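Just below is one structure, and these are the notes that go with it.
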Amino acid sequence: MAASKTELRSRAKGKADAKAKDADAEDTKKDAVAGKTDAQGNLMDAAYYFKQYFGLALSIVAFGMVCFAGYAPKYGLSVNLFLYSSVVLGCVGLIFHETRPFKNQSTFAMDRETVEFARAQEAEAKIQADRAAKKKA
């Protein structure tokens with residue numbers, strides 16, 4: 001007797017699950033050898049974290065210098081020195097921020113098809129939520 005469609009689907013799913021488990025095991029082995037990687041495949045070591053967060057640290061320092069520029073004369077420094085230095089630090093921080101290794105590229109889309117697809121997904125999710133709310137009520 002021939003197998004039913006549901007039996008065939010469950011068999012295929014079991015094979016796919018086994019392949020996925022094998023792939024996950026290989027990825028785990030690679031991570032153990034090479035180290036932890038981010039979603040884009042960059043090795044996450046000390047240099048990675050430095051590149052990732054140095055721009056943020058510089059921008060925080062620049063912001064602090066702008067905030068406390070009024071106190072500069074108490075220490076014998078010029079207010080202009082504080083302000084111009086903070087602009088330079090902010091620009092250098094911006095350069096480091098734009099060249100950081102990990103960036104999430106999926107948050108902004110100009111492609112018409114991509115935008116329409118995202119809107120359709122949002123509309124479908126809203127419809128599903130409304131149906132679930134009606135079932136509960």
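Lettering and numbering for the structure tokens are positional, with chains as A, B, ... in the shown order, residues counted from 1 in each chain, and ligands counted from 1 in the shown order.
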
Practice task
For segment 65-70 of chain A, list every protein, DNA or RNA residue within 10 Å, evaluated using only C-alpha atoms, and leave out those in the same chain fewer than 3 positions away; present the list as a list in words.
Solution key: Ser59, Ile60, Val61, Ala62, Pro73, Lys74, Leu77, Ser78, Val79, Asn80, Leu81, Phe82, Leu83, Tyr84, Ser85, Ser86, Val87 and Leu89 of chain A

Handout entry: Residues flagged helix (DSSP H, G or I) by DSSP in segment 39-113 of chain A, as number ranges by chain
Key = A: 46-67, 69-75, 79-98, 105-107, 112-113

Go ahead and save the picked residues with C-alpha atoms, as a tab-separated table (two decimals), in the first residue's frame.
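Saved the output as again_11.tsv:
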```tsv
chain	number	residue	atom	x	y	z
A	46	ALA	CA	38.78	42.22	21.00
A	47	ALA	CA	39.56	44.05	17.76
A	48	TYR	CA	35.96	43.53	16.61
A	49	TYR	CA	34.53	45.08	19.77
A	50	PHE	CA	37.01	47.97	19.54
A	51	LYS	CA	35.96	48.71	15.95
A	52	GLN	CA	32.29	48.26	16.80
A	53	TYR	CA	32.12	50.58	19.83
A	54	PHE	CA	35.02	53.06	19.50
A	55	GLY	CA	32.89	55.49	17.49
A	56	LEU	CA	30.18	55.36	20.15
A	57	ALA	CA	32.72	56.07	22.89
A	58	LEU	CA	34.15	59.04	20.96
A	59	SER	CA	30.69	60.50	20.39
A	60	ILE	CA	29.87	60.20	24.10
A	61	VAL	CA	33.11	62.02	24.97
A	62	ALA	CA	32.30	64.72	22.39
A	63	PHE	CA	28.82	65.16	23.87
A	64	GLY	CA	30.29	65.46	27.36
A	65	MET	CA	32.77	68.08	26.15
A	66	VAL	CA	29.95	70.17	24.67
A	67	CYS	CA	27.94	69.86	27.88
A	69	ALA	CA	32.46	73.49	27.87
A	70	GLY	CA	31.20	76.23	30.22
A	71	TYR	CA	33.45	74.89	32.98
A	72	ALA	CA	36.61	75.10	30.85
A	73	PRO	CA	37.72	78.54	32.11
A	74	LYS	CA	37.87	77.17	35.68
A	75	TYR	CA	40.71	74.92	34.51
A	79	VAL	CA	35.62	77.31	25.71
A	80	ASN	CA	36.39	77.35	22.00
A	81	LEU	CA	39.04	74.69	22.52
A	82	PHE	CA	36.47	72.44	24.15
A	83	LEU	CA	33.85	73.05	21.48
A	84	TYR	CA	36.13	72.67	18.46
A	85	SER	CA	37.74	69.58	19.98
A	86	SER	CA	34.31	68.06	20.54
A	87	VAL	CA	33.37	68.68	16.89
A	88	VAL	CA	36.58	66.94	15.77
A	89	LEU	CA	35.99	64.01	18.13
A	90	GLY	CA	32.38	63.77	16.97
A	91	CYS	CA	33.45	63.64	13.30
A	92	VAL	CA	36.12	61.01	14.00
A	93	GLY	CA	33.53	59.03	15.98
A	94	LEU	CA	31.15	59.27	13.02
A	95	ILE	CA	33.83	57.87	10.69
A	96	PHE	CA	34.46	54.96	13.05
A	97	HIS	CA	30.72	54.42	13.40
A	98	GLU	CA	30.23	54.21	9.64
A	105	GLN	CA	21.18	46.26	6.63
A	106	SER	CA	17.62	44.95	6.77
A	107	THR	CA	16.02	47.95	8.45
A	112	ARG	CA	9.37	49.15	-4.24
A	113	GLU	CA	8.77	45.40	-4.18
```

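For the atom pair formed by atom CA of Thr99 of chain A and atom CA of Ala118 of chain A, the distance is 27.9 Å, given to one decimal.
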
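The spacing separating atom CA of Gln128 of chain A from atom CA of Glu116 of chain A amounts to 18.3 Å.
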